[in-house]
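First comes the structure, then the notes that go with it.
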Amino acid sequence: MSDVEGTAARTPEPADGEDARTAAAVRLKAEHDQEFAAFVEGSYHSVERILRSVWWDREMVADALHEAYLRARDKWPKLRDHVRPIGWIVCTARFQILKDRDRRQREAAVPPEDLPPAPHSDIADEWEAQETLRAWLLQLPARHAEVFQMSREGFSNREISRILGLTENSVRCYKAAAKRGLGELAEKAGFTRSDGRRGQGESRGSR
Amino acid sequence: MDLDDILALAETRPSALELARARRVARTVQSRYDVSLAEGYEIMVDTDLTDPVTWEVDEATRVARAAQLSKLGTITWLAGGSARPGRLFWSDEMAMIFGYAPGTRRLTPGTLFDLVHPEDAGRVRTTVRAVWEQSRPGEVGFRVIQPGGRIRHIRCHLEILTAEDGASGIIATGEDVTALELARQERRRLAVRSRMLSADLAVPDVLTGLPTRSYVIDEVDRARRATGGALVVVATEPANRLPDPLTDEDRDQITVEVARVLRTVVGAKVTGGLVGSGSWGVLLTPADGYPETAEDLATRIVGTFRDYLFSVRQRPLRLTVSAGVVHFGSDVPATGFDLLIDGENAARDARRNNAAVMVLQEPVEEKKRMQRCRSRIHRVVSANRFALYAQPIVDLQLNQVTRHEILLRVRSDTGEPVAPWAFLDMAERVGEILTVDKWVVDHALELIGRGAQTSHYQVNISGRSLADPGLLTFVTEAIDRHGVKPECLTFEITETALIENRNEALAFATGIRKVGCHLALDDFGTGYSTLTHLKQLPVDLVKIDGTFIVDLCRSPASQAVVSMLVKLCHTLGIRVAAEYVQDEKTIELLRDRGVDFAQGYRTGRPEPITVGQRAAQTIELELRFPPQCTALG
C-alpha cells in the first residue's frame, strides 16, 4: 500500500497551531483509502463475474465498474456502513449499463455467430471451466444468469432480490430455472447433468 | 465430468493476475478520487445511497424503483381482498411506452387490454393468468397500439409480489423493444433469403452440366462488347448407323460423353457450352490467356473426337466432327447470337467441304447471314426435314397417361432427328417461326386426325406467331380439314416473351377457345413470362418451367415457387403441369403440392408418333406427303 501512503504524504502538513481536526481528517482519509483498496481487491472479480454472466463485452463491464468504484470511493464514508457494500457496487454498475439503452439494444441485435464460440467438450483447467460456464450463462435469459451467478458469489435470495430489483419469488424461480438450463446446455455439450451421475465413465473414457 | 464438476472447477479464488488487476483498478480509482479532491470538482452520484440490502420497503415499490433506475416501465396490479379493492397502475415510463402522457389515463384491467394489439391480447391474458395461478415469474412480448395508431413491440417480465399473507399481486417490468424486434425479424429474413437463394446464375444444362445456349450467347455478347475474341463451334453427329436406330436415351448418353471429353480437351478455364443438339460452343478471349490459338484448339478438338470411339449399347460409334471458328473484334455490330450462327454455319461449311475446320476472320455480313438462315429454314420446311414425336403426360390425380405433347425434331443432313431448340431459336430470331409453327400444326393435326383420338394432344405455338392475324383461321381450318376433335387439343404458347401484339394474341386465344380447344402457357416462370398473362389470357393450363422442377427435391426455393404457383393457378381456375420430371421423389412432391400433370423422362420419353394400332408405323413413314399438304404449299 505504498501508493496510499504516498498519497497521504502528499497532503499538505497542517499549519502549526491550526486545529488538530485536519490531522484527524487526514488520518481518517488514509484509513478509508486503505479500507477501500482492500474492498476493491476483495470484491472486484466477484462483481465482474456477476456482470459478465450477462454482458459478454469485457470493456463495457470494466468501464461501468470503474465508474461505480469511483462513486463508491466518493461516498465511502457512507457505504462502509452497508451490510455488504458490494451490493451497492453491483446495483450502480448494473444500472449504468442498463441505462445505456441504445448500446444494449445494439448488442442484443448482434447475430448469434458473433457470440462466444461454443466451448470445448474437454475441460482441463479452471480457466476453461470458467469460460465454458460463462458461455453457457450467456445463452440463458439474462435474469436467470445474473441470479445464478450472484448466488454463486455467496449472496442470499433476499440480498439478490434487493440488489437486482426482483421479487423474492422470482429469485427462487430463476435460480431453479438457471440450474435447469445449465443442465440442458451441459448435456448438449456432451457432459452429464449433475443429477443422476450416469454415464460418467463414458465421458471420462474419451479423454 | 458433469455440471457440478465444472461448477466446482470454475469456483476458484481469483488468480494472482486477477488480484493484480483489482489492485490496479483500486489505484486508478483512488488517484482519480484524489485528483477530484485536489481540483475540487464533484463526482456525480445519482444512485440511492441507501443500503439496498437493508432497505425496508414493500416489494412493489422496490421493483418499480429498480426499474425506474434502469429506465424500464412497470405496471403493478395488486389483488383486491375483502378489506381493500384491487388496484392497477403504471409508472410514468410505462405510460409513455404505451403512448400516453404520465397520469392522463386511469387503468382498469379492461382498458389495459384494449391497448394491446387484438392479435396478442389473448396470449397476454393467458400468460398473466398462468403466472398468477402457478405463482412463478413469466415473460411476454406483445404489441401495443398507441393513441395515434402507431404500433410498438413491448417485452415484459411478470413477477409475483408477495406480502406477509402470500401472493399479493403481479408487477410487470417492460420496455419498448421495437428496434430489437425489427432487427430480429430482419435477421430472420436474411437467413431465409440466403438459404433460399440459388446464387448460380449460370444454370447449367441438366444433362451435361455445361453452360446453356443462352449463357454462351450472353458471354459471347459480353466479349464482343469488351475485348473481342474468337468463338469455336464444334458440330458432332453420329457417323455410322447402328443396327437399331438411336433412341432418345442413346442420344443423351452420347451427349454426356461428348461433353465430358470436350471438357477435358478444352479445360475448365474457358467458357464452353452446349449451344444446340450436337453443337458445342467454346469462347476464347484475350483475357483467358489460353495457350493456343482458336484454330489450333478447333483442330485439336476435331482431332480428338475423330479418334474417339464412343460406345452405345456395347457397339462402337464414331462421330463426324467439324468445327467453325469466328474471330471478332471488340467493336463488331454482330450480336452474340449472330456470332454463334456464323460459327454454326462455318462448322456446317467445313463438313460440306470435308474440312476439319473453317475459319472466318470476321463475322459475316448481316444481310447474308439473315438470308442464309431464312433459306435454311425454308429448305428444311419444304423438304419436310422434320419429324413429330409425342411425349406422354401423366395426370397425377388419376396416375395414368391422359395427354401427349407433340414435339418437333429436325432432321440433320444425314437424316438423324435432333432436338430442335437451337433451330427454333434461330427461326424465332430471324422471324421465320410462323412458317415452322404452321407446318407443325398442320402435320400434327393430320396425324391426330388419323389416330383414334383417345388422348389429349398439346401442340406448341410460339408467342411470336400469335401476331399473325391469319393464324386462327389457319388453325381452325386445319382442325376441320383433319377431323380433329377440338376438345382434345391444347395449344401451348411458348416464348411468351415474344408476344408482340397483345390484342392479336388475345384474339387468337379467345378464338381458339371458342372453337373448343384449350390454351396453355409453356415454360412459365422464366424469361419475361408475366403474371398479367394469367389475368388477361384465357389460359387453361400453366406449365411450370423445368428449372424449377429439376432441383425440386433439393431446393426449398423451387418448392416454394411451385407451391405458390399451384395455389395461384388453382385460385384462378388454371391447371398446372410440371416438365422435366426425372425421378419418383419429384413426382411424389409434385402430387403433394397439388400439381395436376407431370411430364418428363420419368413418366416417358418422347417417342416417334405411331398412328392407329400398328406400333411400327411411325411418323417417319407418314411424312412423305404430297407437297400441297404442307404449310407452305
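All residue names refer to the C-alpha cells as shown: chains lettered A, B, ... in order, residues numbered from 1 in each chain, ligands numbered from 1 in order.
Distance criterion 6 Å to chain A, applied with only C-alpha atoms, yields Asp2, Leu3, Asp4, Ile6, Leu9, Ala10, Ala22, Arg23, Ala26, Val29, Asp51, Pro52, Val53, Val63, Ala66, Ser70 and Pro137 of chain B on chain B.
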* May I have the residues within 7 Å of Thr178 in chain B as a PyMOL selection string, using only C-alpha atoms and disregarding those fewer than 2 positions away in the same chain? => chain B and resi 152-154+176+180-182
* Between CA of Pro102 in chain B and CA of Thr74 in chain B, distance in Å (one decimal) ->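 Distance between the two atoms: 12.4 Å.
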* To do: Just list the residues in range 78-275 of chain B DSSP gives helix (DSSP H, G or I) on the backbone, as a VMD selection string.
  => chain B and resid 92 to 97 109 to 115 118 to 134 178 to 196 213 to 226 248 to 266
* To one decimal in Å, tell me the separation between CA of Met60 in chain A and CA of Val47 in chain A. => 13.3 Å
* Contacts of range 539-548 of chain B at 7 Å or less, counting only C-alpha atoms, minus same-chain residues fewer than 2 places along, as a ChimeraX atom specification? -> /B:518-526,534,537,550-552,558,574-580
* **Residue nearest Asp218 in chain B - candidates B:Asp338, B:Arg105, B:Arg318, B:Pro245, atoms counted: only C-alpha atoms** => B:Asp338
* Asked: Can you tell me how far CA of Ala294 in chain B sits from CA of Val325 in chain B, in Å to one decimal?
  -> 6.9 Å
